[in-house]
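Enquirer: To be precise about what I am sending: the file is called run_32.pdb and holds PDB, C-alpha atoms.
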```pdb
ATOM      1  CA  MET A 659       8.603 -16.857  -8.158
ATOM      2  CA  SER A 660       6.063 -18.421 -10.452
ATOM      3  CA  GLU A 661       6.506 -19.020 -14.140
ATOM      4  CA  THR A 662       2.811 -19.793 -14.670
ATOM      5  CA  PRO A 663       1.339 -17.667 -17.467
ATOM      6  CA  VAL A 664      -1.784 -15.722 -16.462
ATOM      7  CA  GLU A 665      -4.001 -13.974 -18.943
ATOM      8  CA  ILE A 666      -4.597 -10.310 -18.146
ATOM      9  CA  ASP A 667      -8.261  -9.289 -18.189
ATOM     10  CA  THR A 668      -8.375  -5.901 -19.881
ATOM     11  CA  THR A 669     -12.187  -5.686 -19.676
ATOM     12  CA  ARG A 670     -12.190  -4.961 -15.943
ATOM     13  CA  PRO A 671     -10.208  -2.272 -14.139
ATOM     14  CA  GLY A 672      -7.364  -3.427 -11.924
ATOM     15  CA  LEU A 673      -6.505  -1.547  -8.747
ATOM     16  CA  ALA A 674      -2.764  -1.827  -9.281
ATOM     17  CA  ARG A 675      -3.003  -0.619 -12.870
ATOM     18  CA  MET A 676      -5.257   2.268 -11.811
ATOM     19  CA  TYR A 677      -2.670   3.314  -9.253
ATOM     20  CA  ASP A 678       0.038   3.083 -11.901
ATOM     21  CA  TYR A 679      -1.997   5.434 -14.105
ATOM     22  CA  LEU A 680      -2.514   7.839 -11.195
ATOM     23  CA  LEU A 681       1.251   7.939 -10.733
ATOM     24  CA  GLY A 682       1.893   8.641 -14.403
ATOM     25  CA  GLY A 683       2.957   5.125 -15.337
ATOM     26  CA  THR A 684       2.355   3.191 -18.537
ATOM     27  CA  GLU A 685       1.421  -0.245 -17.128
ATOM     28  CA  ASN A 686      -2.339   0.349 -17.460
ATOM     29  CA  HIS A 687      -5.222  -0.016 -19.905
ATOM     30  CA  PRO A 688      -8.170   2.120 -21.112
ATOM     31  CA  VAL A 689     -10.556   0.419 -18.662
ATOM     32  CA  ASP A 690      -8.284   1.437 -15.769
ATOM     33  CA  ARG A 691      -7.982   5.009 -16.963
ATOM     34  CA  ALA A 692     -11.739   5.309 -17.459
ATOM     35  CA  LEU A 693     -12.505   4.599 -13.799
ATOM     36  CA  VAL A 694      -9.829   6.992 -12.572
ATOM     37  CA  ASP A 695     -10.986   9.712 -14.946
ATOM     38  CA  GLU A 696     -14.589   9.313 -13.723
ATOM     39  CA  ILE A 697     -13.470  10.079 -10.175
ATOM     40  CA  ALA A 698     -11.132  12.830 -11.344
ATOM     41  CA  ALA A 699     -14.075  14.613 -12.961
ATOM     42  CA  THR A 700     -15.260  15.398  -9.416
ATOM     43  CA  ASP A 701     -11.834  15.779  -7.837
ATOM     44  CA  PRO A 702      -9.010  16.490 -10.317
ATOM     45  CA  GLY A 703      -6.649  16.380  -7.365
ATOM     46  CA  VAL A 704      -6.799  12.575  -7.134
ATOM     47  CA  PHE A 705      -3.643  12.386  -9.264
ATOM     48  CA  ALA A 706      -1.819  14.653  -6.827
ATOM     49  CA  ALA A 707      -3.263  12.673  -3.912
ATOM     50  CA  ALA A 708      -1.859   9.436  -5.338
ATOM     51  CA  ARG A 709       1.505  11.103  -5.818
ATOM     52  CA  ALA A 710       1.412  12.379  -2.230
ATOM     53  CA  ASN A 711       0.636   8.868  -1.017
ATOM     54  CA  ARG A 712       3.600   7.443  -2.930
ATOM     55  CA  ASP A 713       5.825  10.237  -1.626
ATOM     56  CA  PHE A 714       4.777   9.302   1.917
ATOM     57  CA  LEU A 715       5.780   5.693   1.212
ATOM     58  CA  ILE A 716       9.175   6.817  -0.098
ATOM     59  CA  ARG A 717       9.815   8.997   2.970
ATOM     60  CA  ALA A 718       8.705   6.207   5.314
ATOM     61  CA  VAL A 719      10.938   3.581   3.681
ATOM     62  CA  ARG A 720      13.887   5.965   3.651
ATOM     63  CA  PHE A 721      13.306   6.840   7.324
ATOM     64  CA  LEU A 722      13.131   3.179   8.314
ATOM     65  CA  THR A 723      16.240   2.282   6.336
ATOM     66  CA  GLU A 724      18.409   5.278   7.235
ATOM     67  CA  GLU A 725      17.318   6.137  10.771
ATOM     68  CA  VAL A 726      15.903   2.914  12.203
ATOM     69  CA  GLY A 727      18.102   0.379  10.425
ATOM     70  CA  ILE A 728      15.305  -1.824   9.070
ATOM     71  CA  ARG A 729      16.543  -4.219   6.413
ATOM     72  CA  GLN A 730      13.431  -6.251   5.552
ATOM     73  CA  PHE A 731      10.129  -5.051   4.177
ATOM     74  CA  LEU A 732       6.835  -6.932   3.776
ATOM     75  CA  ASP A 733       4.718  -4.884   1.364
ATOM     76  CA  ILE A 734       1.130  -6.192   1.286
ATOM     77  CA  GLY A 735      -1.172  -4.832  -1.400
ATOM     78  CA  SER A 736       1.925  -3.728  -3.241
ATOM     79  CA  GLY A 737       0.536  -3.518  -6.755
ATOM     80  CA  LEU A 738       3.097  -3.074  -9.500
ATOM     81  CA  PRO A 739       6.646  -2.159  -8.433
ATOM     82  CA  THR A 740       7.018   0.416 -11.180
ATOM     83  CA  GLN A 741       6.939   3.978  -9.882
ATOM     84  CA  ASP A 742       9.535   4.722  -7.129
ATOM     85  CA  ASN A 743       9.272   1.210  -5.749
ATOM     86  CA  VAL A 744      10.154   0.064  -2.241
ATOM     87  CA  HIS A 745      13.207  -1.997  -3.129
ATOM     88  CA  ALA A 746      14.795   0.805  -5.125
ATOM     89  CA  VAL A 747      14.395   3.256  -2.230
ATOM     90  CA  ALA A 748      15.548   0.809   0.447
ATOM     91  CA  GLN A 749      18.451  -0.673  -1.512
ATOM     92  CA  ALA A 750      19.744   2.772  -2.461
ATOM     93  CA  VAL A 751      20.505   3.143   1.247
ATOM     94  CA  ALA A 752      21.210  -0.497   2.114
ATOM     95  CA  PRO A 753      21.905  -2.778  -0.877
ATOM     96  CA  GLU A 754      21.330  -5.823   1.337
ATOM     97  CA  ALA A 755      17.734  -4.802   2.118
ATOM     98  CA  ARG A 756      15.143  -7.498   1.367
ATOM     99  CA  VAL A 757      11.626  -6.864   0.065
ATOM    100  CA  VAL A 758       8.637  -9.150  -0.354
ATOM    101  CA  TYR A 759       5.810  -7.781  -2.489
ATOM    102  CA  VAL A 760       2.377  -9.320  -1.848
ATOM    103  CA  ASP A 761      -0.726  -8.783  -3.946
ATOM    104  CA  ASN A 762      -4.018 -10.672  -4.280
ATOM    105  CA  ASP A 763      -4.264 -10.312  -8.064
ATOM    106  CA  PRO A 764      -2.487 -13.180  -9.885
ATOM    107  CA  THR A 765      -2.131 -11.127 -13.059
ATOM    108  CA  ILE A 766      -0.377  -8.417 -11.072
ATOM    109  CA  THR A 767       1.967 -10.793  -9.265
ATOM    110  CA  VAL A 768       3.007 -12.430 -12.537
ATOM    111  CA  HIS A 769       3.554  -9.013 -14.104
ATOM    112  CA  ALA A 770       5.441  -7.831 -11.019
ATOM    113  CA  GLU A 771       7.702 -10.868 -11.189
ATOM    114  CA  SER A 772       8.657  -9.987 -14.738
ATOM    115  CA  LEU A 773       9.512  -6.440 -13.661
ATOM    116  CA  VAL A 774      11.836  -7.460 -10.807
ATOM    117  CA  ARG A 775      13.202 -10.786 -12.052
ATOM    118  CA  ALA A 776      16.703  -9.405 -12.484
ATOM    119  CA  GLU A 777      16.733  -7.745  -9.047
ATOM    120  CA  LYS A 778      18.319  -9.226  -5.911
ATOM    121  CA  ASN A 779      16.699  -9.885  -2.513
ATOM    122  CA  ILE A 780      13.145  -9.576  -3.831
ATOM    123  CA  GLU A 781      10.211 -11.971  -3.782
ATOM    124  CA  VAL A 782       6.732 -11.576  -5.265
ATOM    125  CA  VAL A 783       3.975 -13.498  -3.492
ATOM    126  CA  LEU A 784       0.306 -14.067  -4.250
ATOM    127  CA  GLY A 785      -1.633 -13.422  -1.036
ATOM    128  CA  ASP A 786      -4.768 -11.812   0.364
ATOM    129  CA  LEU A 787      -4.831  -9.521   3.388
ATOM    130  CA  GLY A 788      -8.102 -11.182   4.356
ATOM    131  CA  ARG A 789      -6.081 -14.379   4.980
ATOM    132  CA  PRO A 790      -3.007 -13.074   6.807
ATOM    133  CA  GLN A 791      -1.739 -16.425   8.071
ATOM    134  CA  GLU A 792      -1.430 -17.664   4.485
ATOM    135  CA  ILE A 793       0.798 -14.667   3.747
ATOM    136  CA  LEU A 794       3.004 -15.397   6.749
ATOM    137  CA  ASP A 795       3.288 -19.058   5.741
ATOM    138  CA  ALA A 796       3.985 -18.390   2.052
ATOM    139  CA  PRO A 797       7.309 -19.957   0.937
ATOM    140  CA  GLY A 798       8.488 -16.698  -0.632
ATOM    141  CA  VAL A 799       7.896 -14.831   2.623
ATOM    142  CA  ARG A 800       9.597 -17.509   4.721
ATOM    143  CA  ARG A 801      12.515 -17.642   2.302
ATOM    144  CA  LEU A 802      13.333 -13.942   2.506
ATOM    145  CA  ILE A 803      11.972 -12.637   5.821
ATOM    146  CA  ASP A 804      13.722 -13.462   9.096
ATOM    147  CA  PHE A 805      11.016 -13.199  11.762
ATOM    148  CA  ASP A 806      13.663 -12.979  14.496
ATOM    149  CA  GLU A 807      14.727  -9.574  13.160
ATOM    150  CA  PRO A 808      12.673  -6.354  12.874
ATOM    151  CA  VAL A 809      10.409  -6.128   9.836
ATOM    152  CA  ALA A 810       8.663  -3.165   8.232
ATOM    153  CA  LEU A 811       5.048  -4.106   7.485
ATOM    154  CA  LEU A 812       3.752  -1.888   4.688
ATOM    155  CA  LEU A 813      -0.016  -1.540   4.271
ATOM    156  CA  VAL A 814      -0.154   1.490   2.026
ATOM    157  CA  ALA A 815      -3.474   2.381   0.375
ATOM    158  CA  VAL A 816      -4.806  -1.169   0.690
ATOM    159  CA  LEU A 817      -6.945  -1.439   3.831
ATOM    160  CA  HIS A 818      -9.803   0.591   2.359
ATOM    161  CA  PHE A 819     -10.352  -2.343  -0.002
ATOM    162  CA  VAL A 820     -10.846  -4.760   2.922
ATOM    163  CA  PRO A 821     -14.479  -4.725   4.186
ATOM    164  CA  ASP A 822     -15.401  -4.528   7.848
ATOM    165  CA  THR A 823     -16.933  -8.000   7.533
ATOM    166  CA  GLU A 824     -13.405  -9.394   7.090
ATOM    167  CA  ASP A 825     -12.246  -7.541  10.242
ATOM    168  CA  PRO A 826      -9.138  -5.832   8.848
ATOM    169  CA  TRP A 827      -8.136  -4.770  12.386
ATOM    170  CA  ALA A 828      -7.822  -8.428  13.385
ATOM    171  CA  ALA A 829      -5.866  -9.195  10.217
ATOM    172  CA  VAL A 830      -3.375  -6.417  10.917
ATOM    173  CA  GLY A 831      -3.128  -7.571  14.531
ATOM    174  CA  LEU A 832      -2.317 -11.132  13.461
ATOM    175  CA  LEU A 833       0.427  -9.899  11.137
ATOM    176  CA  LEU A 834       1.922  -7.705  13.839
ATOM    177  CA  ASP A 835       1.811 -10.534  16.373
ATOM    178  CA  ALA A 836       4.145 -12.509  14.097
ATOM    179  CA  LEU A 837       6.732  -9.705  14.034
ATOM    180  CA  PRO A 838       9.383  -9.111  16.715
ATOM    181  CA  SER A 839       9.925  -6.041  18.852
ATOM    182  CA  GLY A 840      11.438  -3.206  16.849
ATOM    183  CA  SER A 841       9.267  -3.914  13.818
ATOM    184  CA  HIS A 842       7.260  -1.056  12.322
ATOM    185  CA  LEU A 843       3.866  -0.623  10.699
ATOM    186  CA  VAL A 844       3.571   1.802   7.764
ATOM    187  CA  LEU A 845      -0.039   2.501   6.827
ATOM    188  CA  SER A 846      -2.111   4.857   4.717
ATOM    189  CA  HIS A 847      -5.884   4.801   4.278
ATOM    190  CA  VAL A 848      -8.345   6.863   2.216
ATOM    191  CA  SER A 849     -11.106   8.504   4.256
ATOM    192  CA  LEU A 850     -14.088  10.098   2.542
ATOM    193  CA  ALA A 851     -16.175  10.108   5.733
ATOM    194  CA  GLU A 852     -16.757  13.856   5.617
ATOM    195  CA  LEU A 853     -16.806  14.320   1.829
ATOM    196  CA  ASP A 854     -20.350  13.497   0.757
ATOM    197  CA  GLU A 855     -20.157  14.431  -2.943
ATOM    198  CA  LEU A 856     -16.775  12.834  -3.598
ATOM    199  CA  ALA A 857     -17.747   9.769  -1.560
ATOM    200  CA  ALA A 858     -20.947   9.316  -3.576
ATOM    201  CA  THR A 859     -19.143   9.720  -6.906
ATOM    202  CA  THR A 860     -16.361   7.350  -5.900
ATOM    203  CA  ASP A 861     -18.752   4.726  -4.534
ATOM    204  CA  ARG A 862     -20.841   4.778  -7.714
ATOM    205  CA  ALA A 863     -17.782   4.507  -9.921
ATOM    206  CA  PHE A 864     -16.421   1.493  -8.036
ATOM    207  CA  GLU A 865     -19.797  -0.213  -7.600
ATOM    208  CA  LYS A 866     -20.405  -0.114 -11.364
ATOM    209  CA  ARG A 867     -17.231  -2.178 -11.756
ATOM    210  CA  SER A 868     -18.095  -4.498  -8.822
ATOM    211  CA  ILE A 869     -15.184  -3.246  -6.723
ATOM    212  CA  GLU A 870     -15.817  -2.792  -3.007
ATOM    213  CA  LEU A 871     -14.442   0.374  -1.465
ATOM    214  CA  ASN A 872     -14.512   1.040   2.283
ATOM    215  CA  ALA A 873     -13.438   4.657   2.358
ATOM    216  CA  ASN A 874     -16.068   5.821   4.842
ATOM    217  CA  ARG A 875     -13.881   4.983   7.844
ATOM    218  CA  THR A 876     -13.128   7.899  10.129
ATOM    219  CA  LYS A 877      -9.734   8.946  11.419
ATOM    220  CA  ALA A 878     -10.582   7.330  14.765
ATOM    221  CA  GLN A 879     -11.373   4.018  13.052
ATOM    222  CA  ILE A 880      -8.121   4.179  11.095
ATOM    223  CA  ALA A 881      -6.209   4.959  14.279
ATOM    224  CA  ARG A 882      -7.370   1.606  15.688
ATOM    225  CA  PHE A 883      -4.896  -0.147  13.390
ATOM    226  CA  PHE A 884      -2.110   1.349  15.515
ATOM    227  CA  GLU A 885      -3.446   0.221  18.893
ATOM    228  CA  GLY A 886      -0.662  -1.172  21.067
ATOM    229  CA  LEU A 887       2.043   0.475  18.953
ATOM    230  CA  THR A 888       4.033   3.659  19.453
ATOM    231  CA  LEU A 889       3.327   6.193  16.728
ATOM    232  CA  VAL A 890       6.356   8.008  15.353
ATOM    233  CA  GLU A 891       5.986  11.788  15.149
ATOM    234  CA  PRO A 892       3.968  13.473  13.709
ATOM    235  CA  GLY A 893       1.495  10.644  14.352
ATOM    236  CA  LEU A 894      -1.515   9.885  12.183
ATOM    237  CA  VAL A 895      -1.833  12.785   9.750
ATOM    238  CA  GLU A 896      -2.599  13.417   6.097
ATOM    239  CA  THR A 897       0.074  12.078   3.759
ATOM    240  CA  THR A 898       1.250  15.563   2.820
ATOM    241  CA  GLU A 899       1.932  16.319   6.498
ATOM    242  CA  TRP A 900       4.042  13.258   7.340
ATOM    243  CA  ARG A 901       7.641  14.509   7.534
ATOM    244  CA  ALA A 902       7.336  16.374   4.260
ATOM    245  CA  GLU A 903       9.610  19.197   3.177
ATOM    246  CA  GLU A 904       8.494  22.603   4.418
ATOM    247  CA  THR A 905       7.973  23.748   0.828
ATOM    248  CA  ALA A 906       5.697  20.800  -0.037
ATOM    249  CA  PRO A 907       1.995  21.660  -0.524
ATOM    250  CA  ARG A 908      -0.122  20.744   2.490
ATOM    251  CA  LYS A 909      -3.351  20.183   0.549
ATOM    252  CA  VAL A 910      -3.378  18.708  -2.941
ATOM    253  CA  SER A 911      -6.850  17.192  -3.219
ATOM    254  CA  ASP A 912     -10.312  17.094  -1.676
ATOM    255  CA  MET A 913      -9.555  13.434  -0.979
ATOM    256  CA  VAL A 914      -8.219  12.702   2.497
ATOM    257  CA  ILE A 915      -5.546  10.021   2.900
ATOM    258  CA  TYR A 916      -4.353   9.465   6.445
ATOM    259  CA  ALA A 917      -0.869   8.091   7.006
ATOM    260  CA  GLY A 918       1.172   6.939   9.954
ATOM    261  CA  LEU A 919       4.203   4.938  11.003
ATOM    262  CA  ALA A 920       4.456   3.153  14.345
ATOM    263  CA  ARG A 921       6.892   0.953  16.274
ATOM    264  CA  LYS A 922       6.134  -2.367  17.931
ATOM    265  CA  ASN A 923       7.689  -2.275  21.398
TER     266      ASN A 923
END
```
I'd like the structure from this file rewritten - as structure tokens, please.
Expert:
Amino acid sequence: MSETPVEIDTTRPGLARMYDYLLGGTENHPVDRALVDEIAATDPGVFAAARANRDFLIRAVRFLTEEVGIRQFLDIGSGLPTQDNVHAVAQAVAPEARVVYVDNDPTITVHAESLVRAEKNIEVVLGDLGRPQEILDAPGVRRLIDFDEPVALLLVAVLHFVPDTEDPWAAVGLLLDALPSGSHLVLSHVSLAELDELAATTDRAFEKRSIELNANRTKAQIARFFEGLTLVEPGLVETTEWRAEETAPRKVSDMVIYAGLARKN
């Protein structure tokens, strides 16, 4: 982990801090809340949608730890490990579980390091999904992840920030190629393809802050990330429908977030 100080830019919104705000956290700034609130003016359910996405992640990690026996997690686009984080969920079941958090924002990785410095079996790595081989070769990843044993690759609410021009399908494929049989992919992806008003509002809000959002991908395009893998039931569904309790609400927002978990054979 790095000890290099990085100055936090509070004049521009940060995706990780926005997500923290959506989840009810305190690791965010007015500029982050302003962008979220602009989108929430059209769809107040975005807060519930973010919560549903995090709940999907929790259920997926618990399933992989309890039922599959996965003991190592590579969380790319992790953001801040503040609200119901991966290592807390996994290590509650298996204290020996190892987690590597990867984010492309140096201010976030430095902040994340400070939050988990006292924890065991955790690494925080600076890396960009657009350059997957650099992630695989990162010393922190190599130090903690045994590529001869099954790995859970977590790509939760991150791929819609990778443009088609960077071929995110190829990037995911390269990452999966490095993992052994028995590894699993956990993925969620916003899709506003059929929501014209919300899509327009969201695009404008992000464009004003020079943040690229690729949320116009259809369910079929998102399903391509799972090609060659075996989807675990119930398949690729909205986050609220993935192995949720029967009493959980099935629709919390106009926003659609598809989620799935699949096994590499």
Enquirer: Spell out the residues picked by the PyMOL selection byres ((chain A and resi 878) around 12) here, as a list in words.
Expert: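 Those residues are His847, Ser849, Ala851, Asn874, Arg875, Thr876, Lys877, Gln879, Ile880, Ala881, Arg882, Phe883, Phe884, Glu885, Leu894, Val895 and Tyr916 of chain A.
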Enquirer: Please provide as an NGL selection string all residues within 7 Å of stretch 751-757 of chain A, with the sequence filter that same-chain residues fewer than 3 positions apart are discarded (counting all atoms listed in the file).
Expert: :A and (723-724 or 729-732 or 745 or 748 or 779-781 or 802)
Enquirer: For stretch 744-759 of chain A, what centre and edge lengths in Å (one decimal) does the axis-aligned box get once 3 Å is added on each side of all its listed atoms, as JSON?
Expert:
```
{"center_x": 13.9, "center_y": -2.9, "center_z": -1.5, "size_x": 22.1, "size_y": 18.4, "size_z": 13.2}
```
Enquirer: When you draw a straight line from atom CA of A:Lys909 to atom CA of A:Leu787, how long is it in Å?
Expert: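 Between atom CA of A:Lys909 and atom CA of A:Leu787 the gap works out to 29.9 Å.
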Enquirer: State, in Å with one decimal place, the distance from atom CA of A:Ala710 to atom CA of A:Val799.
Expert: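 Separating atom CA of A:Ala710 from atom CA of A:Val799 is a distance of 28.4 Å.
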Enquirer: Between A:Asn711, A:Thr765, A:Ser736, A:Gln749, which is the closest to A:Val914 once you count all atoms listed in the file?
Expert: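 Among the listed residues, the smallest separation from A:Val914 belongs to A:Asn711.
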Enquirer: How many Å lie between atom CA of A:Thr859 and atom CA of A:Met913, rounded to one decimal?
Expert: 11.9 Å
Enquirer: When you look at A:Asp825 with a cut-off of 12 Å (counting only C-alpha atoms), what residues show up, excluding the ones that are within fewer than 2 positions of it in the same chain? I need them as a PDB file with C-alpha atoms, keeping the file's coordinate frame.
Expert:
```pdb
ATOM      1  CA  LEU A 787      -4.831  -9.521   3.388  1.00  0.00           C
ATOM      2  CA  GLY A 788      -8.102 -11.182   4.356  1.00  0.00           C
ATOM      3  CA  ARG A 789      -6.081 -14.379   4.980  1.00  0.00           C
ATOM      4  CA  PRO A 790      -3.007 -13.074   6.807  1.00  0.00           C
ATOM      5  CA  LEU A 817      -6.945  -1.439   3.831  1.00  0.00           C
ATOM      6  CA  HIS A 818      -9.803   0.591   2.359  1.00  0.00           C
ATOM      7  CA  PHE A 819     -10.352  -2.343  -0.002  1.00  0.00           C
ATOM      8  CA  VAL A 820     -10.846  -4.760   2.922  1.00  0.00           C
ATOM      9  CA  PRO A 821     -14.479  -4.725   4.186  1.00  0.00           C
ATOM     10  CA  ASP A 822     -15.401  -4.528   7.848  1.00  0.00           C
ATOM     11  CA  THR A 823     -16.933  -8.000   7.533  1.00  0.00           C
ATOM     12  CA  TRP A 827      -8.136  -4.770  12.386  1.00  0.00           C
ATOM     13  CA  ALA A 828      -7.822  -8.428  13.385  1.00  0.00           C
ATOM     14  CA  ALA A 829      -5.866  -9.195  10.217  1.00  0.00           C
ATOM     15  CA  VAL A 830      -3.375  -6.417  10.917  1.00  0.00           C
ATOM     16  CA  GLY A 831      -3.128  -7.571  14.531  1.00  0.00           C
ATOM     17  CA  LEU A 832      -2.317 -11.132  13.461  1.00  0.00           C
ATOM     18  CA  ASN A 872     -14.512   1.040   2.283  1.00  0.00           C
ATOM     19  CA  GLN A 879     -11.373   4.018  13.052  1.00  0.00           C
ATOM     20  CA  ARG A 882      -7.370   1.606  15.688  1.00  0.00           C
ATOM     21  CA  PHE A 883      -4.896  -0.147  13.390  1.00  0.00           C
TER      22      PHE A 883
END
```
Enquirer: Given the choices A:Val719, A:Asp713, A:Ile793, A:Glu696, which gets closest to A:Ala858 if the distance is worked out from only C-alpha atoms?
Expert: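 Ranking A:Val719, A:Asp713, A:Ile793, A:Glu696 by distance to A:Ala858, first place goes to A:Glu696.
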Enquirer: Counting all atoms listed in the file, find the residues whose atoms lie at most 9 Å from (5.1, -4.3, 0.3) (file coordinates) and write them out as a ChimeraX atom specification.
Expert: /A:731-737,744,757-761,810-814
Enquirer: How would the residues just chosen look if you wrote them out with C-alpha atoms as a PDB file, in the frame of the given file?
Expert:
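Result saved to result.pdb:
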```pdb
ATOM      1  CA  PHE A 731      10.129  -5.051   4.177  1.00  0.00           C
ATOM      2  CA  LEU A 732       6.835  -6.932   3.776  1.00  0.00           C
ATOM      3  CA  ASP A 733       4.718  -4.884   1.364  1.00  0.00           C
ATOM      4  CA  ILE A 734       1.130  -6.192   1.286  1.00  0.00           C
ATOM      5  CA  GLY A 735      -1.172  -4.832  -1.400  1.00  0.00           C
ATOM      6  CA  SER A 736       1.925  -3.728  -3.241  1.00  0.00           C
ATOM      7  CA  GLY A 737       0.536  -3.518  -6.755  1.00  0.00           C
ATOM      8  CA  VAL A 744      10.154   0.064  -2.241  1.00  0.00           C
ATOM      9  CA  VAL A 757      11.626  -6.864   0.065  1.00  0.00           C
ATOM     10  CA  VAL A 758       8.637  -9.150  -0.354  1.00  0.00           C
ATOM     11  CA  TYR A 759       5.810  -7.781  -2.489  1.00  0.00           C
ATOM     12  CA  VAL A 760       2.377  -9.320  -1.848  1.00  0.00           C
ATOM     13  CA  ASP A 761      -0.726  -8.783  -3.946  1.00  0.00           C
ATOM     14  CA  ALA A 810       8.663  -3.165   8.232  1.00  0.00           C
ATOM     15  CA  LEU A 811       5.048  -4.106   7.485  1.00  0.00           C
ATOM     16  CA  LEU A 812       3.752  -1.888   4.688  1.00  0.00           C
ATOM     17  CA  LEU A 813      -0.016  -1.540   4.271  1.00  0.00           C
ATOM     18  CA  VAL A 814      -0.154   1.490   2.026  1.00  0.00           C
TER      19      VAL A 814
END
```
Enquirer: Restricting the calculation to only C-alpha atoms: of A:Leu887, A:Val816, A:Met676, A:Val704, which residue gets closest to A:Asn923?
Expert: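 Between A:Leu887, A:Val816, A:Met676, A:Val704, the residue approaching A:Asn923 most closely is A:Leu887.
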Enquirer: Excluding A:Leu919 and any residue of its chain fewer than 5 positions from it, enumerate the residues within 7 Å of it, using only C-alpha atoms, and give them as a PyMOL selection string.
Expert: chain A and resi 842-845+889-890
Enquirer: Please produce an output containing C-alpha atoms for each residue in the selection, written as a PDB file, in the coordinates of the input.
Expert:
```pdb
ATOM      1  CA  HIS A 842       7.260  -1.056  12.322  1.00  0.00           C
ATOM      2  CA  LEU A 843       3.866  -0.623  10.699  1.00  0.00           C
ATOM      3  CA  VAL A 844       3.571   1.802   7.764  1.00  0.00           C
ATOM      4  CA  LEU A 845      -0.039   2.501   6.827  1.00  0.00           C
ATOM      5  CA  LEU A 889       3.327   6.193  16.728  1.00  0.00           C
ATOM      6  CA  VAL A 890       6.356   8.008  15.353  1.00  0.00           C
TER       7      VAL A 890
END
```
Enquirer: From the list A:Phe721, A:Asp695, A:Gly918, A:Ala873, which residue is nearest A:Gly893 when using only C-alpha atoms?
Expert: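 Between A:Phe721, A:Asp695, A:Gly918, A:Ala873, the residue approaching A:Gly893 most closely is A:Gly918.
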Enquirer: Ranking A:Val768, A:Val809, A:Leu722, A:Ile728 by minimum distance to A:Leu784 and counting only C-alpha atoms, which one comes first?
Expert: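 Of all the options, A:Val768 lies closest to A:Leu784.
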Enquirer: Could you state which residues are captured by the PyMOL selection byres ((chain A and resi 897) around 6) in this file, as a PDB file with C-alpha atoms, in the frame of the given file?
Expert:
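As written to disk, selection01.pdb reads:
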```pdb
ATOM      1  CA  ASN A 711       0.636   8.868  -1.017  1.00  0.00           C
ATOM      2  CA  PHE A 714       4.777   9.302   1.917  1.00  0.00           C
ATOM      3  CA  GLU A 896      -2.599  13.417   6.097  1.00  0.00           C
ATOM      4  CA  THR A 898       1.250  15.563   2.820  1.00  0.00           C
ATOM      5  CA  GLU A 899       1.932  16.319   6.498  1.00  0.00           C
ATOM      6  CA  TRP A 900       4.042  13.258   7.340  1.00  0.00           C
ATOM      7  CA  TYR A 916      -4.353   9.465   6.445  1.00  0.00           C
ATOM      8  CA  ALA A 917      -0.869   8.091   7.006  1.00  0.00           C
TER       9      ALA A 917
END
```
Enquirer: Identify which of the residues A:Pro739, A:His769, A:Thr700, A:Gly727 lies closest to A:Leu681, counting only C-alpha atoms when measuring atom-to-atom distances.
Expert: A:Pro739
